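The structure file structure_36.pdb is reproduced below (PDB, C-alpha atoms).
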MODEL        1
ATOM      1  CA  LEU X   1       0.000   0.000   0.000  1.00  0.00           C
ATOM      2  CA  ALA X   2       1.227   3.471  -0.832  1.00  0.00           C
ATOM      3  CA  SER X   3       1.950   5.667   2.146  1.00  0.00           C
ATOM      4  CA  HIS X   4       0.634   9.218   2.418  1.00  0.00           C
ATOM      5  CA  ARG X   5       1.451  12.092   4.708  1.00  0.00           C
ATOM      6  CA  LEU X   6      -1.556  13.366   6.618  1.00  0.00           C
ATOM      7  CA  SER X   7      -1.101  16.750   4.944  1.00  0.00           C
ATOM      8  CA  ASP X   8      -1.511  15.088   1.526  1.00  0.00           C
ATOM      9  CA  LEU X   9      -4.988  13.764   2.301  1.00  0.00           C
ATOM     10  CA  GLU X  10      -7.916  15.898   1.234  1.00  0.00           C
ATOM     11  CA  ALA X  11     -11.567  15.344   2.089  1.00  0.00           C
ATOM     12  CA  THR X  12     -13.772  14.402  -0.863  1.00  0.00           C
ATOM     13  CA  SER X  13     -16.937  14.045   1.210  1.00  0.00           C
ATOM     14  CA  LEU X  14     -18.438  15.540   4.350  1.00  0.00           C
ATOM     15  CA  ASP X  15     -21.224  14.380   6.653  1.00  0.00           C
ATOM     16  CA  LEU X  16     -23.281  17.429   7.665  1.00  0.00           C
ATOM     17  CA  THR X  17     -26.049  15.447   9.355  1.00  0.00           C
ATOM     18  CA  ASN X  18     -25.239  16.649  12.874  1.00  0.00           C
ATOM     19  CA  CYS X  19     -23.950  20.072  11.887  1.00  0.00           C
ATOM     20  CA  GLU X  20     -26.573  22.358  13.393  1.00  0.00           C
ATOM     21  CA  PHE X  21     -25.398  25.473  11.563  1.00  0.00           C
ATOM     22  CA  SER X  22     -24.524  24.056   8.132  1.00  0.00           C
ATOM     23  CA  SER X  23     -26.965  26.514   6.550  1.00  0.00           C
ATOM     24  CA  SER X  24     -24.604  29.349   7.503  1.00  0.00           C
ATOM     25  CA  LEU X  25     -21.382  27.607   6.484  1.00  0.00           C
ATOM     26  CA  THR X  26     -19.310  28.343   3.387  1.00  0.00           C
ATOM     27  CA  LEU X  27     -17.707  25.230   1.926  1.00  0.00           C
ATOM     28  CA  LYS X  28     -14.984  25.505  -0.677  1.00  0.00           C
ATOM     29  CA  LEU X  29     -12.581  23.335  -2.598  1.00  0.00           C
ATOM     30  CA  THR X  30      -9.139  23.371  -1.025  1.00  0.00           C
ATOM     31  CA  ARG X  31      -7.268  24.396  -4.166  1.00  0.00           C
ATOM     32  CA  PRO X  32      -7.975  27.366  -6.451  1.00  0.00           C
ATOM     33  CA  ILE X  33      -8.263  26.750 -10.191  1.00  0.00           C
ATOM     34  CA  ARG X  34      -5.581  28.655 -12.071  1.00  0.00           C
ATOM     35  CA  GLU X  35      -5.309  27.102 -15.532  1.00  0.00           C
ATOM     36  CA  GLY X  36      -6.852  24.758 -18.056  1.00  0.00           C
ATOM     37  CA  VAL X  37     -10.365  23.328 -18.060  1.00  0.00           C
ATOM     38  CA  VAL X  38     -11.666  21.721 -14.856  1.00  0.00           C
ATOM     39  CA  TYR X  39     -15.028  19.997 -14.378  1.00  0.00           C
ATOM     40  CA  VAL X  40     -16.224  19.359 -10.826  1.00  0.00           C
ATOM     41  CA  GLU X  41     -19.373  17.486  -9.815  1.00  0.00           C
ATOM     42  CA  ILE X  42     -20.861  18.175  -6.403  1.00  0.00           C
ATOM     43  CA  THR X  43     -23.424  15.776  -4.954  1.00  0.00           C
ATOM     44  CA  ALA X  44     -25.447  17.021  -1.994  1.00  0.00           C
ATOM     45  CA  LYS X  45     -28.881  17.352  -0.504  1.00  0.00           C
ATOM     46  CA  VAL X  46     -30.216  20.801  -1.305  1.00  0.00           C
ATOM     47  CA  TRP X  47     -32.949  23.211  -0.311  1.00  0.00           C
ATOM     48  CA  TYR X  48     -34.092  26.716  -1.158  1.00  0.00           C
ATOM     49  CA  GLY X  49     -31.098  29.015  -1.130  1.00  0.00           C
ATOM     50  CA  SER X  50     -28.397  26.406  -1.736  1.00  0.00           C
ATOM     51  CA  GLU X  51     -25.788  28.147  -3.874  1.00  0.00           C
ATOM     52  CA  PHE X  52     -22.887  26.889  -5.988  1.00  0.00           C
ATOM     53  CA  SER X  53     -20.509  29.676  -6.966  1.00  0.00           C
ATOM     54  CA  ILE X  54     -17.329  30.568  -8.816  1.00  0.00           C
ATOM     55  CA  VAL X  55     -15.435  33.161  -6.753  1.00  0.00           C
ATOM     56  CA  GLY X  56     -12.780  35.490  -8.133  1.00  0.00           C
ATOM     57  CA  PRO X  57      -9.823  37.271  -6.517  1.00  0.00           C
ATOM     58  CA  ASP X  58     -11.978  40.342  -5.854  1.00  0.00           C
ATOM     59  CA  ASN X  59     -14.287  38.090  -3.772  1.00  0.00           C
ATOM     60  CA  ARG X  60     -17.002  38.654  -6.350  1.00  0.00           C
ATOM     61  CA  ARG X  61     -18.963  35.488  -6.965  1.00  0.00           C
ATOM     62  CA  PHE X  62     -21.301  34.241  -9.599  1.00  0.00           C
ATOM     63  CA  GLY X  63     -23.122  30.959  -9.928  1.00  0.00           C
ATOM     64  CA  ILE X  64     -26.464  29.233  -9.529  1.00  0.00           C
ATOM     65  CA  SER X  65     -28.836  29.393  -6.591  1.00  0.00           C
ATOM     66  CA  LEU X  66     -31.757  27.008  -6.034  1.00  0.00           C
ATOM     67  CA  SER X  67     -34.968  28.836  -5.247  1.00  0.00           C
ATOM     68  CA  LEU X  68     -38.759  28.815  -5.140  1.00  0.00           C
ATOM     69  CA  ASP X  69     -40.396  30.653  -8.005  1.00  0.00           C
ATOM     70  CA  ASP X  70     -43.314  32.270  -6.169  1.00  0.00           C
ATOM     71  CA  ASP X  71     -44.211  34.750  -8.890  1.00  0.00           C
ATOM     72  CA  VAL X  72     -47.876  35.695  -8.542  1.00  0.00           C
ATOM     73  CA  ASN X  73     -48.375  35.030 -12.252  1.00  0.00           C
ATOM     74  CA  ALA X  74     -46.968  31.503 -12.158  1.00  0.00           C
ATOM     75  CA  GLN X  75     -47.419  28.323 -10.172  1.00  0.00           C
ATOM     76  CA  ASP X  76     -44.895  27.694  -7.426  1.00  0.00           C
ATOM     77  CA  SER X  77     -42.007  25.640  -8.765  1.00  0.00           C
ATOM     78  CA  ASP X  78     -38.468  24.669  -7.844  1.00  0.00           C
ATOM     79  CA  SER X  79     -36.460  27.059  -9.973  1.00  0.00           C
ATOM     80  CA  VAL X  80     -32.817  28.005 -10.462  1.00  0.00           C
ATOM     81  CA  MET X  81     -31.375  31.512 -10.520  1.00  0.00           C
ATOM     82  CA  PHE X  82     -28.098  32.740 -11.944  1.00  0.00           C
ATOM     83  CA  GLN X  83     -26.497  35.258  -9.590  1.00  0.00           C
ATOM     84  CA  LEU X  84     -23.943  37.881 -10.541  1.00  0.00           C
ATOM     85  CA  ASP X  85     -24.379  40.564  -7.912  1.00  0.00           C
ATOM     86  CA  TYR X  86     -27.724  42.046  -8.973  1.00  0.00           C
ATOM     87  CA  PRO X  87     -29.977  41.521 -10.772  1.00  0.00           C
ATOM     88  CA  ARG X  88     -30.575  37.803 -10.484  1.00  0.00           C
ATOM     89  CA  TYR X  89     -31.795  35.858 -13.496  1.00  0.00           C
ATOM     90  CA  ASN X  90     -34.098  32.856 -13.734  1.00  0.00           C
ATOM     91  CA  ILE X  91     -32.902  29.902 -15.822  1.00  0.00           C
ATOM     92  CA  PRO X  92     -36.086  28.405 -17.363  1.00  0.00           C
ATOM     93  CA  SER X  93     -34.302  25.327 -18.759  1.00  0.00           C
ATOM     94  CA  LEU X  94     -33.391  24.206 -15.221  1.00  0.00           C
ATOM     95  CA  THR X  95     -36.789  24.847 -13.606  1.00  0.00           C
ATOM     96  CA  GLN X  96     -38.174  21.738 -11.887  1.00  0.00           C
ATOM     97  CA  ARG X  97     -34.928  19.836 -12.477  1.00  0.00           C
ATOM     98  CA  TRP X  98     -34.390  19.427  -8.724  1.00  0.00           C
ATOM     99  CA  ALA X  99     -36.456  18.812  -5.571  1.00  0.00           C
ATOM    100  CA  TRP X 100     -36.298  20.355  -2.106  1.00  0.00           C
ATOM    101  CA  GLY X 101     -34.614  18.080   0.445  1.00  0.00           C
ATOM    102  CA  GLU X 102     -33.445  15.613  -2.193  1.00  0.00           C
ATOM    103  CA  GLU X 103     -29.968  14.835  -3.472  1.00  0.00           C
ATOM    104  CA  ALA X 104     -28.802  16.843  -6.472  1.00  0.00           C
ATOM    105  CA  VAL X 105     -25.756  16.611  -8.710  1.00  0.00           C
ATOM    106  CA  VAL X 106     -24.369  20.021  -9.679  1.00  0.00           C
ATOM    107  CA  GLY X 107     -21.677  20.253 -12.330  1.00  0.00           C
ATOM    108  CA  LEU X 108     -19.366  23.260 -12.689  1.00  0.00           C
ATOM    109  CA  LEU X 109     -17.074  23.542 -15.681  1.00  0.00           C
ATOM    110  CA  VAL X 110     -14.375  26.180 -15.213  1.00  0.00           C
ATOM    111  CA  ASP X 111     -12.511  27.168 -18.381  1.00  0.00           C
ATOM    112  CA  MET X 112      -9.570  29.399 -17.485  1.00  0.00           C
ATOM    113  CA  SER X 113      -8.417  29.587 -21.114  1.00  0.00           C
ATOM    114  CA  ARG X 114     -11.639  31.212 -22.327  1.00  0.00           C
ATOM    115  CA  GLY X 115     -12.411  32.935 -19.014  1.00  0.00           C
ATOM    116  CA  CYS X 116     -15.842  31.391 -18.454  1.00  0.00           C
ATOM    117  CA  ALA X 117     -17.823  28.815 -16.503  1.00  0.00           C
ATOM    118  CA  ALA X 118     -20.722  26.527 -17.396  1.00  0.00           C
ATOM    119  CA  PHE X 119     -23.254  24.946 -15.076  1.00  0.00           C
ATOM    120  CA  ARG X 120     -25.131  21.631 -15.081  1.00  0.00           C
ATOM    121  CA  LEU X 121     -27.892  20.305 -12.807  1.00  0.00           C
ATOM    122  CA  ASN X 122     -28.941  16.652 -12.535  1.00  0.00           C
ATOM    123  CA  GLY X 123     -27.762  15.889 -16.055  1.00  0.00           C
ATOM    124  CA  PHE X 124     -29.277  18.992 -17.681  1.00  0.00           C
ATOM    125  CA  ASP X 125     -26.950  21.595 -19.169  1.00  0.00           C
ATOM    126  CA  GLY X 126     -27.348  25.175 -18.019  1.00  0.00           C
ATOM    127  CA  PRO X 127     -25.684  28.378 -19.232  1.00  0.00           C
ATOM    128  CA  CYS X 128     -22.059  29.128 -20.065  1.00  0.00           C
ATOM    129  CA  VAL X 129     -21.129  32.633 -18.885  1.00  0.00           C
ATOM    130  CA  PHE X 130     -18.015  34.768 -19.119  1.00  0.00           C
ATOM    131  CA  PHE X 131     -16.310  35.698 -15.860  1.00  0.00           C
ATOM    132  CA  PRO X 132     -17.294  39.242 -14.813  1.00  0.00           C
ATOM    133  CA  LEU X 133     -13.633  40.333 -15.051  1.00  0.00           C
ATOM    134  CA  PRO X 134     -12.045  37.714 -17.341  1.00  0.00           C
ATOM    135  CA  ALA X 135      -8.553  39.220 -17.506  1.00  0.00           C
ATOM    136  CA  LEU X 136      -8.213  39.604 -13.715  1.00  0.00           C
ATOM    137  CA  TRP X 137      -9.766  36.239 -12.880  1.00  0.00           C
ATOM    138  CA  LYS X 138      -7.655  34.371 -15.460  1.00  0.00           C
ATOM    139  CA  VAL X 139      -4.449  35.769 -13.937  1.00  0.00           C
ATOM    140  CA  HIS X 140      -5.270  35.162 -10.273  1.00  0.00           C
ATOM    141  CA  GLY X 141      -7.443  32.042 -10.458  1.00  0.00           C
ATOM    142  CA  VAL X 142     -10.873  31.229  -9.005  1.00  0.00           C
ATOM    143  CA  GLU X 143     -12.408  29.118  -6.237  1.00  0.00           C
ATOM    144  CA  ILE X 144     -15.522  26.958  -6.159  1.00  0.00           C
ATOM    145  CA  GLN X 145     -17.684  27.618  -3.102  1.00  0.00           C
ATOM    146  CA  MET X 146     -20.977  26.283  -1.720  1.00  0.00           C
ATOM    147  CA  HIS X 147     -23.332  28.218   0.549  1.00  0.00           C
ATOM    148  CA  SER X 148     -26.529  27.573   2.524  1.00  0.00           C
ATOM    149  CA  MET X 149     -26.498  23.789   2.731  1.00  0.00           C
ATOM    150  CA  PRO X 150     -29.346  22.037   4.610  1.00  0.00           C
ATOM    151  CA  ASP X 151     -29.198  21.326   8.334  1.00  0.00           C
ATOM    152  CA  MET X 152     -31.166  18.967  10.544  1.00  0.00           C
ATOM    153  CA  GLY X 153     -32.255  21.693  12.920  1.00  0.00           C
ATOM    154  CA  ASN X 154     -34.355  23.580  10.400  1.00  0.00           C
ATOM    155  CA  GLY X 155     -36.828  22.402   7.804  1.00  0.00           C
ATOM    156  CA  GLY X 156     -37.199  18.705   8.527  1.00  0.00           C
ATOM    157  CA  ILE X 157     -34.510  17.424   6.145  1.00  0.00           C
ATOM    158  CA  ASP X 158     -34.127  13.644   6.411  1.00  0.00           C
ATOM    159  CA  ALA X 159     -30.784  12.162   7.467  1.00  0.00           C
ATOM    160  CA  PRO X 160     -28.154  11.594   6.310  1.00  0.00           C
ATOM    161  CA  ILE X 161     -27.005  14.930   4.889  1.00  0.00           C
ATOM    162  CA  LEU X 162     -23.928  14.105   2.848  1.00  0.00           C
ATOM    163  CA  PHE X 163     -21.809  16.306   0.622  1.00  0.00           C
ATOM    164  CA  SER X 164     -19.238  15.042  -1.867  1.00  0.00           C
ATOM    165  CA  CYS X 165     -17.256  16.346  -4.815  1.00  0.00           C
ATOM    166  CA  ALA X 166     -15.199  14.811  -7.597  1.00  0.00           C
ATOM    167  CA  THR X 167     -13.248  15.983 -10.628  1.00  0.00           C
ATOM    168  CA  ARG X 168     -14.502  14.207 -13.739  1.00  0.00           C
ATOM    169  CA  LYS X 169     -14.196  14.304 -17.501  1.00  0.00           C
ATOM    170  CA  PRO X 170     -16.504  17.132 -18.647  1.00  0.00           C
ATOM    171  CA  PRO X 171     -19.614  16.215 -20.641  1.00  0.00           C
ATOM    172  CA  PRO X 172     -19.029  17.023 -24.352  1.00  0.00           C
ATOM    173  CA  SER X 173     -22.312  18.945 -24.537  1.00  0.00           C
ATOM    174  CA  LEU X 174     -21.168  21.268 -21.747  1.00  0.00           C
ATOM    175  CA  VAL X 175     -17.758  21.847 -23.338  1.00  0.00           C
ATOM    176  CA  ALA X 176     -19.450  22.721 -26.630  1.00  0.00           C
ATOM    177  CA  LEU X 177     -21.484  25.576 -25.135  1.00  0.00           C
ATOM    178  CA  ALA X 178     -20.474  29.022 -26.384  1.00  0.00           C
ATOM    179  CA  PRO X 179     -19.822  31.478 -23.537  1.00  0.00           C
ATOM    180  CA  THR X 180     -21.515  34.846 -23.489  1.00  0.00           C
ATOM    181  CA  THR X 181     -22.489  37.543 -20.989  1.00  0.00           C
ATOM    182  CA  ALA X 182     -25.523  37.444 -18.726  1.00  0.00           C
ATOM    183  CA  THR X 183     -27.020  40.344 -20.675  1.00  0.00           C
ATOM    184  CA  ASP X 184     -26.729  38.428 -23.950  1.00  0.00           C
ATOM    185  CA  HIS X 185     -28.325  35.383 -22.310  1.00  0.00           C
ATOM    186  CA  VAL X 186     -31.301  37.586 -21.423  1.00  0.00           C
ATOM    187  CA  LEU X 187     -31.587  38.811 -25.009  1.00  0.00           C
ATOM    188  CA  SER X 188     -31.518  35.249 -26.340  1.00  0.00           C
ATOM    189  CA  GLY X 189     -34.059  33.951 -23.794  1.00  0.00           C
ATOM    190  CA  VAL X 190     -31.658  31.653 -21.928  1.00  0.00           C
ATOM    191  CA  PHE X 191     -32.146  33.899 -18.867  1.00  0.00           C
ATOM    192  CA  THR X 192     -35.269  35.730 -17.784  1.00  0.00           C
ATOM    193  CA  LEU X 193     -35.157  38.639 -15.385  1.00  0.00           C
ATOM    194  CA  ASN X 194     -36.243  37.880 -11.856  1.00  0.00           C
ATOM    195  CA  ASP X 195     -39.287  40.046 -11.137  1.00  0.00           C
ATOM    196  CA  ARG X 196     -37.961  40.989  -7.706  1.00  0.00           C
ATOM    197  CA  ASP X 197     -34.764  42.535  -9.037  1.00  0.00           C
ATOM    198  CA  GLU X 198     -34.087  45.559 -11.179  1.00  0.00           C
ATOM    199  CA  VAL X 199     -32.474  45.368 -14.569  1.00  0.00           C
ATOM    200  CA  GLY X 200     -28.700  45.809 -14.569  1.00  0.00           C
ATOM    201  CA  ALA X 201     -25.650  45.009 -16.622  1.00  0.00           C
ATOM    202  CA  GLY X 202     -24.173  41.507 -16.462  1.00  0.00           C
TER     203      GLY X 202
ENDMDL
END
Representation of the structure as structure tokens:
Amino acid sequence: LASHRLSDLEATSLDLTNCEFSSSLTLKLTRPIREGVVYVEITAKVWYGSEFSIVGPDNRRFGISLSLDDDVNAQDSDSVMFQLDYPRYNIPSLTQRWAWGEEAVVGLLVDMSRGCAAFRLNGFDGPCVFFPLPALWKVHGVEIQMHSMPDMGNGGIDAPILFSCATRKPPPSLVALAPTTATDHVLSGVFTLNDRDEVGAG
């Protein structure tokens, strides 16, 4: 058997079942991504507000957030928002692709060469979006972070609450997506403006 120093071992899974305040924790991968194309899959139980983000050196983050679409003109549904400061954008193609309190598989493809990231949820491709400051982020690298994970003390989530991540070969369909800005995604219909936020540049 190969021997490893303790400092060489990195956690690939966490048990948050008995973590009373996991909803307020920020989890992040131990190593920043500085070059190439990296695809990470995160498997975890999720609820409203669970967020999976790419974070730049300016601590600005963008990513997807799982939410409840409670628009008065639509039926309630488990929706997904893209967040880049404000405004937030709905992603219609990922609506009802996940369920509250159930396990979800979130894929994040980070392409440092093109300065963009693409998102995937339970096998369904989402958008590919340029970093907000591509030149700066490409030089300094980015982190993958997770926020607002479920906890046993609030909401009646069933045990166990497990979180795991793995680096995998990226799906060809995700690699083939052409990156663009959030504003251009709105114009093409990939994003729709969230009614609770004001229009802004993305």
* Nearest candidate to X:Leu29 (options X:Val55, X:Ala99, X:Leu66, X:Val46; using all atoms listed in the file) -> X:Val55
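For the atom pair formed by atom CA of X:Ala135 and atom CA of X:Pro57, the distance is 11.2 Å, given to one decimal.
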* Name the residues in contact with stretch 169-175 of chain X at a cut-off of 7 Å, using all atoms listed in the file, excluding same-chain residues fewer than 3 positions from it; report them as a ChimeraX atom specification. => /X:39,118,125
Take the residues that were just selected and, keeping C-alpha atoms, output them as a PDB file, in the coordinates of the input.
ATOM      1  CA  TYR X  39     -15.028  19.997 -14.378  1.00  0.00           C
ATOM      2  CA  ALA X 118     -20.722  26.527 -17.396  1.00  0.00           C
ATOM      3  CA  ASP X 125     -26.950  21.595 -19.169  1.00  0.00           C
TER       4      ASP X 125
END
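Here the PyMOL selection byres ((chain X and resi 123) around 12) catches exactly these residues: Glu41, Thr43, Ser93, Leu94, Arg97, Trp98, Ala104, Val105, Val106, Gly107, Leu108, Phe119, Arg120, Leu121, Asn122, Phe124, Asp125, Gly126, Pro170, Pro171, Ser173 and Leu174 of chain X.
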For the interface of stretch 49-126 of chain X with stretch 33-36 of chain X (cut-off 9 Å, counting all atoms listed in the file), please tabulate each contacting residue of stretch 49-126 of chain X alongside its nearest pair of atoms and their separation in Å to one decimal, rows sorted by chain and increasing number, as CSV.
residue,atom,partner,partner_atom,distance
X:Val110,CA,X:Ile33,CA,7.9
X:Asp111,CA,X:Gly36,CA,6.2
X:Met112,CA,X:Glu35,CA,5.2
X:Ser113,CA,X:Gly36,CA,5.9
* To do: Measure the distance from atom CA of X:Leu136 to atom CA of X:Gly63 in Å and round it to one decimal.
  => 17.6 Å
* Asked: Counting only C-alpha atoms, which of X:Ile42, X:Val37, X:Met146, X:Leu84 gets nearest to X:Arg114?
  ->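 Ranked by minimum distance to X:Arg114, first place goes to X:Val37.
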* To do: Measuring atom to atom with all atoms listed in the file, identify which of X:Leu193, X:Ala182, X:Ile54, X:Ala44 is nearest to X:Gly141.
  => X:Ile54
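Between X:Val139 and the candidates X:Ala159, X:Arg60, X:Thr192, X:Pro32, the tightest atom-to-atom separation, counting only C-alpha atoms, involves X:Pro32.
Closest approach to X:Ala166 from the set X:Val129, X:Lys45, X:Val40, X:Ser13 is made by X:Val40, with distances taken over only C-alpha atoms.
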With 6 Å of padding per side, what axis-aligned box (centre and edge lengths, Å, one decimal) covers all the listed atoms of stretch 126-139 of chain X? Give it as JSON.
{"center_x": -15.9, "center_y": 32.8, "center_z": -16.5, "size_x": 34.9, "size_y": 27.2, "size_z": 19.2}
* Structure fact -> Across X:Gly189, X:Pro87, X:Pro150, X:Pro92, the smallest distance to X:Phe62, with all atoms listed in the file counted, is shown by X:Pro87
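This file, filtered with the PyMOL selection byres ((chain X and resi 79) around 9), gives the residues Ser65, Leu66, Ser67, Leu68, Asp69, Asp76, Ser77, Asp78, Val80, Met81, Asn90, Ile91, Pro92, Leu94, Thr95, Gln96, Arg97 and Trp98 of chain X.
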* To one decimal in Å, tell me the separation between atom CA of X:Thr181 and atom CA of X:Lys28. =>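 Answer for the atom CA of X:Thr181 to atom CA of X:Lys28 separation: 24.8 Å.
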* Asked: Which neighbours of X:Ile64 fall inside 6 Å, counting all atoms listed in the file, when residues of the same chain fewer than 5 positions from it are skipped, and could you give them as a list in words?
  ->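 Answer for this query is Glu51, Phe52, Met81 and Phe82 of chain X.
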Based on the selection just made, write C-alpha atoms of those residues as a PDB file, in the coordinates of the input.
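Contents of out.pdb, freshly written:
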ATOM      1  CA  GLU X  51     -25.788  28.147  -3.874  1.00  0.00           C
ATOM      2  CA  PHE X  52     -22.887  26.889  -5.988  1.00  0.00           C
ATOM      3  CA  MET X  81     -31.375  31.512 -10.520  1.00  0.00           C
ATOM      4  CA  PHE X  82     -28.098  32.740 -11.944  1.00  0.00           C
TER       5      PHE X  82
END
